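Engineer: Sharing upload_38.pdb (PDB, C-alpha atoms) below.
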```
ATOM      1  CA  MET G  16       7.502  18.963 -27.118
ATOM      2  CA  ARG G  17       6.666  15.343 -26.318
ATOM      3  CA  LYS G  18       6.141  14.605 -22.649
ATOM      4  CA  LYS G  19       8.167  11.764 -21.210
ATOM      5  CA  LYS G  20       6.203   8.611 -20.465
ATOM      6  CA  ILE G  21       6.656   6.588 -17.315
ATOM      7  CA  VAL G  22       5.213   3.334 -15.984
ATOM      8  CA  ILE G  23       5.083   3.050 -12.192
ATOM      9  CA  ALA G  24       4.767  -0.525 -10.919
ATOM     10  CA  LEU G  25       3.445  -0.738  -7.357
ATOM     11  CA  GLY G  26       4.485  -3.864  -5.474
ATOM     12  CA  HIS G  27       2.781  -5.599  -2.561
ATOM     13  CA  ASP G  28       4.430  -3.271  -0.020
ATOM     14  CA  ALA G  29       2.872  -0.301  -1.813
ATOM     15  CA  LEU G  30      -0.657  -1.720  -1.497
ATOM     16  CA  GLY G  31      -0.990  -3.503   1.851
ATOM     17  CA  THR G  32      -2.986  -6.664   2.469
ATOM     18  CA  THR G  33      -6.264  -5.917   4.244
ATOM     19  CA  LEU G  34      -8.853  -3.388   3.052
ATOM     20  CA  PRO G  35      -7.894  -0.743   5.685
ATOM     21  CA  GLU G  36      -4.192  -1.294   4.893
ATOM     22  CA  GLN G  37      -4.922  -0.927   1.180
ATOM     23  CA  LYS G  38      -6.699   2.416   1.603
ATOM     24  CA  LEU G  39      -3.789   3.797   3.633
ATOM     25  CA  ALA G  40      -1.209   2.365   1.219
ATOM     26  CA  ALA G  41      -3.091   3.742  -1.803
ATOM     27  CA  ARG G  42      -2.905   7.219  -0.292
ATOM     28  CA  LYS G  43       0.877   6.940   0.102
ATOM     29  CA  ALA G  44       1.256   5.474  -3.382
ATOM     30  CA  ALA G  45      -0.826   8.348  -4.788
ATOM     31  CA  LYS G  46       1.650  10.853  -3.377
ATOM     32  CA  ALA G  47       4.486   9.118  -5.224
ATOM     33  CA  VAL G  48       2.486   8.978  -8.460
ATOM     34  CA  VAL G  49       1.573  12.669  -8.299
ATOM     35  CA  ASP G  50       5.216  13.591  -7.612
ATOM     36  CA  PHE G  51       5.989  12.271 -11.097
ATOM     37  CA  ILE G  52       2.927  13.964 -12.637
ATOM     38  CA  LYS G  53       4.090  17.246 -11.117
ATOM     39  CA  ASP G  54       7.393  16.721 -12.971
ATOM     40  CA  ASP G  55       5.358  16.667 -16.215
ATOM     41  CA  TYR G  56       5.465  12.965 -17.011
ATOM     42  CA  GLN G  57       2.635  11.082 -18.680
ATOM     43  CA  VAL G  58       1.965   8.331 -16.158
ATOM     44  CA  VAL G  59       0.622   4.794 -16.322
ATOM     45  CA  VAL G  60       0.316   2.890 -13.041
ATOM     46  CA  SER G  61       0.387  -0.891 -12.740
ATOM     47  CA  HIS G  62       0.140  -2.785  -9.487
ATOM     48  CA  SER G  63       0.458  -6.059  -7.621
ATOM     49  CA  ASN G  64      -2.579  -8.070  -6.536
ATOM     50  CA  GLY G  65      -1.005 -11.038  -4.727
ATOM     51  CA  PRO G  66      -2.809 -10.918  -1.368
ATOM     52  CA  GLN G  67      -5.987  -9.502  -2.924
ATOM     53  CA  VAL G  68      -6.496 -12.104  -5.650
ATOM     54  CA  GLY G  69      -5.683 -14.852  -3.135
ATOM     55  CA  MET G  70      -8.339 -13.488  -0.786
ATOM     56  CA  ILE G  71     -10.904 -13.318  -3.601
ATOM     57  CA  HIS G  72     -10.102 -16.826  -4.830
ATOM     58  CA  THR G  73     -10.353 -18.226  -1.281
ATOM     59  CA  ALA G  74     -13.649 -16.420  -0.633
ATOM     60  CA  MET G  75     -15.223 -17.582  -3.897
ATOM     61  CA  ALA G  76     -14.009 -21.164  -3.412
ATOM     62  CA  GLU G  77     -15.456 -21.212   0.109
ATOM     63  CA  PHE G  78     -18.751 -19.782  -1.154
ATOM     64  CA  CYS G  79     -18.934 -22.513  -3.792
ATOM     65  CA  ARG G  80     -18.153 -25.149  -1.158
ATOM     66  CA  ILE G  81     -21.019 -23.986   1.055
ATOM     67  CA  TYR G  82     -23.384 -23.483  -1.880
ATOM     68  CA  PRO G  83     -22.464 -26.200  -4.424
ATOM     69  CA  GLU G  84     -25.306 -25.140  -6.741
ATOM     70  CA  TYR G  85     -23.227 -22.066  -7.676
ATOM     71  CA  THR G  86     -20.605 -22.302 -10.416
ATOM     72  CA  ALA G  87     -16.936 -22.090  -9.356
ATOM     73  CA  THR G  88     -15.213 -18.781 -10.153
ATOM     74  CA  PRO G  89     -12.373 -19.071 -12.713
ATOM     75  CA  MET G  90      -8.956 -17.608 -11.878
ATOM     76  CA  SER G  91      -9.299 -15.033 -14.678
ATOM     77  CA  VAL G  92     -12.500 -13.679 -13.103
ATOM     78  CA  CYS G  93     -10.785 -13.445  -9.703
ATOM     79  CA  SER G  94      -8.029 -11.398 -11.387
ATOM     80  CA  ALA G  95     -10.651  -9.100 -12.919
ATOM     81  CA  MET G  96     -12.291  -8.585  -9.511
ATOM     82  CA  SER G  97      -8.940  -7.653  -7.947
ATOM     83  CA  GLN G  98      -8.211  -5.140 -10.717
ATOM     84  CA  GLY G  99     -11.571  -3.513 -10.094
ATOM     85  CA  TYR G 100     -11.356  -2.975  -6.379
ATOM     86  CA  ILE G 101      -7.661  -2.065  -6.249
ATOM     87  CA  GLY G 102      -8.171   0.340  -9.157
ATOM     88  CA  TYR G 103     -11.135   1.878  -7.333
ATOM     89  CA  ASP G 104      -8.987   2.735  -4.289
ATOM     90  CA  LEU G 105      -5.998   3.858  -6.353
ATOM     91  CA  GLN G 106      -7.844   6.132  -8.765
ATOM     92  CA  ASN G 107      -9.740   7.840  -5.950
ATOM     93  CA  ALA G 108      -6.530   8.301  -3.918
ATOM     94  CA  ILE G 109      -4.674   9.742  -6.924
ATOM     95  CA  ARG G 110      -7.610  12.042  -7.782
ATOM     96  CA  THR G 111      -7.700  13.348  -4.198
ATOM     97  CA  GLU G 112      -3.932  13.945  -4.141
ATOM     98  CA  LEU G 113      -4.099  15.799  -7.475
ATOM     99  CA  LEU G 114      -6.914  18.075  -6.320
ATOM    100  CA  ASN G 115      -5.123  18.721  -3.014
ATOM    101  CA  ARG G 116      -2.236  20.087  -5.090
ATOM    102  CA  GLY G 117      -4.479  22.136  -7.350
ATOM    103  CA  ILE G 118      -4.044  19.846 -10.364
ATOM    104  CA  TYR G 119      -6.990  18.639 -12.432
ATOM    105  CA  LYS G 120      -6.370  15.492 -14.440
ATOM    106  CA  PRO G 121      -8.782  12.606 -15.026
ATOM    107  CA  VAL G 122      -7.749   9.216 -13.650
ATOM    108  CA  SER G 123      -9.030   6.021 -15.274
ATOM    109  CA  THR G 124      -8.724   2.341 -14.452
ATOM    110  CA  ILE G 125      -8.655   0.051 -17.488
ATOM    111  CA  LEU G 126      -9.748  -3.526 -16.938
ATOM    112  CA  THR G 127      -6.781  -5.024 -18.751
ATOM    113  CA  GLN G 128      -6.439  -8.395 -20.455
ATOM    114  CA  VAL G 129      -2.992  -9.726 -21.337
ATOM    115  CA  THR G 130      -2.587 -12.460 -23.934
ATOM    116  CA  VAL G 131      -0.317 -15.404 -23.196
ATOM    117  CA  ASP G 132       1.024 -18.204 -25.381
ATOM    118  CA  PRO G 133      -0.966 -21.447 -24.876
ATOM    119  CA  TYR G 134       2.275 -23.357 -25.509
ATOM    120  CA  ASP G 135       4.263 -21.408 -22.909
ATOM    121  CA  ASP G 136       6.352 -23.888 -20.924
ATOM    122  CA  ALA G 137       4.869 -22.481 -17.698
ATOM    123  CA  PHE G 138       1.588 -24.293 -18.416
ATOM    124  CA  TYR G 139       3.456 -27.593 -18.192
ATOM    125  CA  HIS G 140       5.184 -26.594 -14.945
ATOM    126  CA  PRO G 141       2.713 -24.582 -12.785
ATOM    127  CA  SER G 142       4.460 -22.891  -9.871
ATOM    128  CA  LYS G 143       2.316 -20.112  -8.362
ATOM    129  CA  VAL G 144       0.564 -21.143  -5.142
ATOM    130  CA  ILE G 145      -2.906 -19.616  -4.693
ATOM    131  CA  GLY G 146      -6.029 -19.974  -2.587
ATOM    132  CA  ARG G 147      -6.868 -21.582   0.708
ATOM    133  CA  VAL G 148      -5.364 -24.607   2.441
ATOM    134  CA  MET G 149      -7.275 -27.793   1.532
ATOM    135  CA  THR G 150      -7.629 -31.238   3.025
ATOM    136  CA  GLU G 151      -6.408 -34.278   1.105
ATOM    137  CA  GLU G 152      -9.973 -35.081   0.028
ATOM    138  CA  GLU G 153     -10.560 -31.534  -1.224
ATOM    139  CA  ALA G 154      -7.219 -31.628  -3.071
ATOM    140  CA  GLU G 155      -8.238 -34.859  -4.827
ATOM    141  CA  ALA G 156     -11.502 -33.208  -5.874
ATOM    142  CA  GLU G 157      -9.570 -30.263  -7.316
ATOM    143  CA  GLU G 158      -7.340 -32.588  -9.309
ATOM    144  CA  LYS G 159     -10.400 -34.360 -10.714
ATOM    145  CA  LYS G 160     -11.493 -30.978 -12.068
ATOM    146  CA  GLY G 161      -8.181 -30.770 -13.949
ATOM    147  CA  ASN G 162      -6.509 -28.331 -11.541
ATOM    148  CA  HIS G 163      -2.978 -28.726 -10.163
ATOM    149  CA  VAL G 164      -2.399 -29.135  -6.438
ATOM    150  CA  VAL G 165       0.759 -29.150  -4.326
ATOM    151  CA  LYS G 166       1.340 -30.338  -0.761
ATOM    152  CA  THR G 167       2.682 -27.677   1.607
ATOM    153  CA  GLY G 168       3.569 -27.668   5.287
ATOM    154  CA  GLU G 169       0.026 -26.498   6.091
ATOM    155  CA  GLY G 170      -1.825 -28.914   3.845
ATOM    156  CA  TYR G 171      -2.705 -28.858   0.151
ATOM    157  CA  ARG G 172      -2.992 -25.786  -2.048
ATOM    158  CA  ARG G 173      -3.739 -25.130  -5.672
ATOM    159  CA  ILE G 174      -0.968 -24.054  -8.060
ATOM    160  CA  VAL G 175      -1.308 -22.313 -11.420
ATOM    161  CA  ALA G 176       0.992 -21.413 -14.299
ATOM    162  CA  ALA G 177       2.849 -18.094 -14.594
ATOM    163  CA  PRO G 178       3.284 -17.588 -18.372
ATOM    164  CA  LYS G 179       5.071 -14.641 -20.001
ATOM    165  CA  PRO G 180       2.910 -11.777 -21.320
ATOM    166  CA  VAL G 181       2.675 -11.589 -25.116
ATOM    167  CA  ASP G 182       0.459  -8.542 -25.713
ATOM    168  CA  VAL G 183      -1.913  -6.146 -23.932
ATOM    169  CA  VAL G 184      -5.403  -6.340 -25.449
ATOM    170  CA  GLU G 185      -6.498  -2.843 -24.385
ATOM    171  CA  ILE G 186      -3.244  -1.113 -25.404
ATOM    172  CA  ASP G 187      -4.977   1.201 -27.925
ATOM    173  CA  ALA G 188      -7.352   2.456 -25.214
ATOM    174  CA  ILE G 189      -4.404   3.036 -22.870
ATOM    175  CA  ARG G 190      -2.533   4.980 -25.576
ATOM    176  CA  ALA G 191      -5.631   7.076 -26.332
ATOM    177  CA  LEU G 192      -6.064   8.043 -22.677
ATOM    178  CA  LEU G 193      -2.363   8.913 -22.408
ATOM    179  CA  ALA G 194      -2.616  11.051 -25.536
ATOM    180  CA  ALA G 195      -5.472  12.904 -23.797
ATOM    181  CA  ASP G 196      -3.058  13.528 -20.871
ATOM    182  CA  GLN G 197      -4.985  11.306 -18.469
ATOM    183  CA  ILE G 198      -3.494   9.126 -15.749
ATOM    184  CA  VAL G 199      -4.100   5.459 -16.476
ATOM    185  CA  ILE G 200      -4.167   2.482 -14.102
ATOM    186  CA  ALA G 201      -3.675  -0.687 -16.145
ATOM    187  CA  CYS G 202      -2.323  -4.264 -16.110
ATOM    188  CA  GLY G 203      -3.240  -4.666 -12.437
ATOM    189  CA  GLY G 204      -1.865  -7.875 -10.956
ATOM    190  CA  GLY G 205      -0.078  -8.627 -14.221
ATOM    191  CA  GLY G 206      -3.316  -8.323 -16.169
ATOM    192  CA  ILE G 207      -6.071 -10.871 -16.719
ATOM    193  CA  PRO G 208      -4.350 -13.738 -18.569
ATOM    194  CA  VAL G 209      -6.245 -14.700 -21.723
ATOM    195  CA  LEU G 210      -5.749 -16.990 -24.700
ATOM    196  CA  ALA G 211      -6.626 -15.646 -28.156
ATOM    197  CA  GLN G 212      -8.887 -18.086 -30.043
ATOM    198  CA  ASN G 213      -9.720 -16.454 -33.381
ATOM    199  CA  HIS G 214     -11.909 -13.459 -32.353
ATOM    200  CA  LYS G 215     -12.595 -14.841 -28.878
ATOM    201  CA  LEU G 216     -10.550 -14.320 -25.728
ATOM    202  CA  GLN G 217     -10.595 -17.238 -23.289
ATOM    203  CA  GLY G 218      -9.528 -16.713 -19.677
ATOM    204  CA  ALA G 219      -6.480 -18.785 -18.742
ATOM    205  CA  SER G 220      -5.994 -20.603 -15.446
ATOM    206  CA  ALA G 221      -2.839 -18.673 -14.691
ATOM    207  CA  VAL G 222      -1.310 -15.549 -13.197
ATOM    208  CA  ILE G 223       1.194 -13.246 -14.875
ATOM    209  CA  GLU G 224       4.256 -11.961 -13.043
ATOM    210  CA  LYS G 225       3.417  -8.301 -12.375
ATOM    211  CA  ASP G 226       6.927  -7.041 -13.189
ATOM    212  CA  SER G 227       6.860  -8.800 -16.569
ATOM    213  CA  ALA G 228       3.473  -7.245 -17.335
ATOM    214  CA  ALA G 229       4.698  -3.787 -16.303
ATOM    215  CA  GLU G 230       7.690  -4.220 -18.629
ATOM    216  CA  LYS G 231       5.469  -5.260 -21.534
ATOM    217  CA  LEU G 232       3.187  -2.284 -20.882
ATOM    218  CA  ALA G 233       6.145   0.110 -20.753
ATOM    219  CA  GLU G 234       7.482  -1.340 -23.999
ATOM    220  CA  LEU G 235       4.135  -1.021 -25.814
ATOM    221  CA  ILE G 236       3.553   2.623 -24.856
ATOM    222  CA  GLU G 237       7.207   3.421 -25.678
ATOM    223  CA  ALA G 238       7.880   4.652 -22.136
ATOM    224  CA  ASP G 239      11.094   6.445 -21.254
ATOM    225  CA  ARG G 240      11.311   5.037 -17.742
ATOM    226  CA  LEU G 241       9.978   2.135 -15.707
ATOM    227  CA  VAL G 242       9.798   2.699 -11.938
ATOM    228  CA  ILE G 243       9.434  -0.418  -9.790
ATOM    229  CA  LEU G 244       8.403   0.280  -6.187
ATOM    230  CA  THR G 245       9.281  -2.607  -3.910
ATOM    231  CA  GLY G 246      10.119  -3.442  -0.278
ATOM    232  CA  VAL G 247      13.802  -2.460  -0.368
ATOM    233  CA  GLU G 248      15.426   0.895  -1.024
ATOM    234  CA  LYS G 249      18.095  -0.419  -3.398
ATOM    235  CA  VAL G 250      19.132  -3.509  -5.301
ATOM    236  CA  CYS G 251      21.813  -5.277  -3.262
ATOM    237  CA  LEU G 252      24.522  -7.798  -3.915
ATOM    238  CA  ASN G 253      24.833 -10.520  -1.262
ATOM    239  CA  PHE G 254      21.413  -9.505   0.040
ATOM    240  CA  GLY G 255      20.860 -10.302   3.735
ATOM    241  CA  LYS G 256      24.508 -11.211   4.348
ATOM    242  CA  GLU G 257      27.222  -9.439   6.325
ATOM    243  CA  ASN G 258      28.855  -8.234   3.118
ATOM    244  CA  GLU G 259      25.609  -6.866   1.631
ATOM    245  CA  GLN G 260      26.366  -4.176  -0.963
ATOM    246  CA  PRO G 261      23.656  -1.687  -2.046
ATOM    247  CA  LEU G 262      23.959  -0.495  -5.640
ATOM    248  CA  GLU G 263      23.405   3.108  -6.731
ATOM    249  CA  GLU G 264      23.398   2.169 -10.411
ATOM    250  CA  LEU G 265      23.673  -0.864 -12.598
ATOM    251  CA  THR G 266      24.305  -1.417 -16.295
ATOM    252  CA  VAL G 267      22.427  -4.011 -18.325
ATOM    253  CA  ALA G 268      25.659  -5.986 -18.801
ATOM    254  CA  GLN G 269      26.324  -6.010 -15.051
ATOM    255  CA  ALA G 270      22.728  -7.033 -14.343
ATOM    256  CA  ARG G 271      23.038  -9.992 -16.724
ATOM    257  CA  GLN G 272      26.269 -11.087 -15.070
ATOM    258  CA  TYR G 273      24.826 -10.821 -11.563
ATOM    259  CA  MET G 274      21.794 -12.858 -12.656
ATOM    260  CA  ALA G 275      24.106 -15.535 -14.044
ATOM    261  CA  ASP G 276      25.966 -15.511 -10.710
ATOM    262  CA  GLY G 277      22.689 -16.179  -8.845
ATOM    263  CA  GLN G 278      22.753 -12.872  -6.967
ATOM    264  CA  PHE G 279      19.002 -12.250  -7.161
ATOM    265  CA  GLU G 280      16.366 -14.441  -5.542
ATOM    266  CA  ALA G 281      13.620 -15.938  -7.692
ATOM    267  CA  GLY G 282      10.192 -14.548  -6.845
ATOM    268  CA  THR G 283      11.569 -11.356  -5.273
ATOM    269  CA  MET G 284      14.333  -9.297  -6.925
ATOM    270  CA  LEU G 285      15.051 -11.552  -9.916
ATOM    271  CA  PRO G 286      11.782 -10.771 -11.820
ATOM    272  CA  LYS G 287      12.432  -7.047 -11.356
ATOM    273  CA  ILE G 288      15.960  -7.264 -12.771
ATOM    274  CA  GLU G 289      14.732  -9.443 -15.646
ATOM    275  CA  ALA G 290      12.024  -6.866 -16.420
ATOM    276  CA  ALA G 291      14.574  -4.046 -16.303
ATOM    277  CA  VAL G 292      16.963  -5.804 -18.695
ATOM    278  CA  GLU G 293      14.121  -6.665 -21.086
ATOM    279  CA  PHE G 294      12.741  -3.110 -21.080
ATOM    280  CA  ILE G 295      16.056  -1.335 -21.616
ATOM    281  CA  GLY G 296      17.368  -3.791 -24.199
ATOM    282  CA  ASN G 297      19.819  -1.907 -26.400
ATOM    283  CA  SER G 298      18.290   1.530 -25.791
ATOM    284  CA  ALA G 299      20.554   4.332 -24.656
ATOM    285  CA  VAL G 300      17.502   6.386 -23.617
ATOM    286  CA  ARG G 301      15.388   4.044 -21.483
ATOM    287  CA  SER G 302      16.088   3.541 -17.775
ATOM    288  CA  VAL G 303      14.648   1.687 -14.791
ATOM    289  CA  LEU G 304      14.478   2.870 -11.184
ATOM    290  CA  ILE G 305      14.025   0.268  -8.444
ATOM    291  CA  THR G 306      13.285   1.868  -5.090
ATOM    292  CA  LYS G 307      11.088   1.777  -1.994
ATOM    293  CA  LEU G 308       7.909   3.722  -1.371
ATOM    294  CA  GLY G 309       8.227   6.106   1.593
ATOM    295  CA  MET G 310       6.815   4.782   4.821
ATOM    296  CA  SER G 311       5.200   8.086   5.881
ATOM    297  CA  ASP G 312       2.983  10.590   4.083
ATOM    298  CA  GLU G 313       5.840  13.117   4.164
ATOM    299  CA  ASP G 314       8.304  10.845   2.339
ATOM    300  CA  SER G 315       8.876  11.125  -1.404
ATOM    301  CA  VAL G 316       9.814   8.368  -3.790
ATOM    302  CA  GLY G 317      12.810   8.177  -6.074
ATOM    303  CA  ILE G 318      15.163  10.273  -3.903
ATOM    304  CA  SER G 319      17.280   7.156  -3.633
ATOM    305  CA  GLY G 320      17.228   3.771  -5.271
ATOM    306  CA  THR G 321      19.038   1.827  -7.968
ATOM    307  CA  VAL G 322      19.045   3.210 -11.504
ATOM    308  CA  ILE G 323      19.565   0.671 -14.305
ATOM    309  CA  HIS G 324      20.627   1.800 -17.765
ATOM    310  CA  LYS G 325      22.390   0.521 -20.857
TER     311      LYS G 325
END
```
I'd like the structure from this file rewritten - as structure tokens, please.
Structural biologist:
Amino acid sequence: MRKKKIVIALGHDALGTTLPEQKLAARKAAKAVVDFIKDDYQVVVSHSNGPQVGMIHTAMAEFCRIYPEYTATPMSVCSAMSQGYIGYDLQNAIRTELLNRGIYKPVSTILTQVTVDPYDDAFYHPSKVIGRVMTEEEAEAEEKKGNHVVKTGEGYRRIVAAPKPVDVVEIDAIRALLAADQIVIACGGGGIPVLAQNHKLQGASAVIEKDSAAEKLAELIEADRLVILTGVEKVCLNFGKENEQPLEELTVAQARQYMADGQFEAGTMLPKIEAAVEFIGNSAVRSVLITKLGMSDEDSVGISGTVIHK
């Protein structure tokens, strides 16, 4: 009998910000992941990299400023670095949790590239703020390099595009590992955005929304369920207001209507609902769970949350 496949998308709250926070958060996330493995799912894990890739980009930019003889580090390389060190902590934490429960399963991190459309409208309207705060002179220098800069309350910062994912380059490797009943960590931070140029892949100056990448991954492996771990226990209507209403479940039609009504904030809950609607589509089998990772090592995930279905 075919095992059910599940993609678990870990948000920022499931990974922490600093290195010590990340190690602790990875241990808690591993418990949630292994809870699903124990229930006999085939599991792929994707994750956020917001604070981490920003830290890497800032560090590399500062290094290049101090040592101008070194070449600047492209955004795609910063994404690759973040996948590597987050995957390192996650796969070791999951391996430890498995062995603590008497389960032996290999855990692999796949350095994952995600193709994007070079004509995606996002490249004409960059919106994702990254990197350190710059002076006006430094911002002008960035613009001369062809990069986009925006003025914030703190100073100037670089902005990049956030195009939609088109395909996952390493999808066959991910499928092969799943077929071998391994746990796979893939599409970290939305994947490394690349442009396909004949047989060559060129890194794009962009970031991919992690929830969109998790949805694309779930679609390509024909997953049965997408689990999105975030900072709130349930999807809410009128979030943060006196008449806030948590939702136990949500249909695709209701989700579309609530999006049209402006119920979900861009950059927080909206991308998660969009990913859920895209993944489920017209399927009567697929479902999405949006919930919060337990705050203590004793907590489990998925006991409560919002289930979205057709």
Engineer: On this structure, which residues satisfy the PyMOL selection byres ((chain G and resi 45-50) around 10), written as a ChimeraX atom specification?
Structural biologist: /G:22-23,25,29,40-44,51-56,58-60,104-113,116,118,198,244,308-309,312-317
Engineer: My list of candidates is G:Thr33, G:Ser319, G:Ser94, G:Gln57. Which is closest to G:Leu262 when distances are computed with only C-alpha atoms?
Structural biologist: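 The answer is G:Ser319, which sits nearest to G:Leu262.
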Engineer: If you measure from atom CA of G:Thr245 to atom CA of G:Ile186, what distance in Å do you get, rounded to one decimal?
Structural biologist: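 That distance, rounded to one decimal, is 24.9 Å.
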Engineer: Starting from the displayed file, determine the output of the PyMOL selection byres ((chain G and resi 176) around 6) and express the residue list as number ranges by chain.
Structural biologist: G: 137-138, 141-142, 175, 177, 221
Engineer: Pick the closest to G:Glu230 from G:Lys120, G:Lys325, G:His27, G:Arg301: which is it, counting all atoms listed in the file?
Structural biologist: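 Nearest to G:Glu230: G:Arg301.
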Engineer: Could you tell me which residues the PyMOL selection byres ((chain G and resi 145) around 6) returns for this structure, as a list in words?
Structural biologist: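 What the PyMOL selection byres ((chain G and resi 145) around 6) grabs from the file is Gly69, Val144, Gly146, Arg173 and Ile174 of chain G.
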Engineer: Report the distance between atom CA of G:Asp132 and atom CA of G:Leu210 in Å, rounded to one decimal place.
Structural biologist: 6.9 Å
Engineer: Taking all atoms listed in the file into account, name the residue in G:Ala290, G:Val122, G:Val267, G:Ile295 that is nearest to G:Ala195.
Structural biologist: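 Checking each candidate against G:Ala195, we get G:Val122 as the closest.
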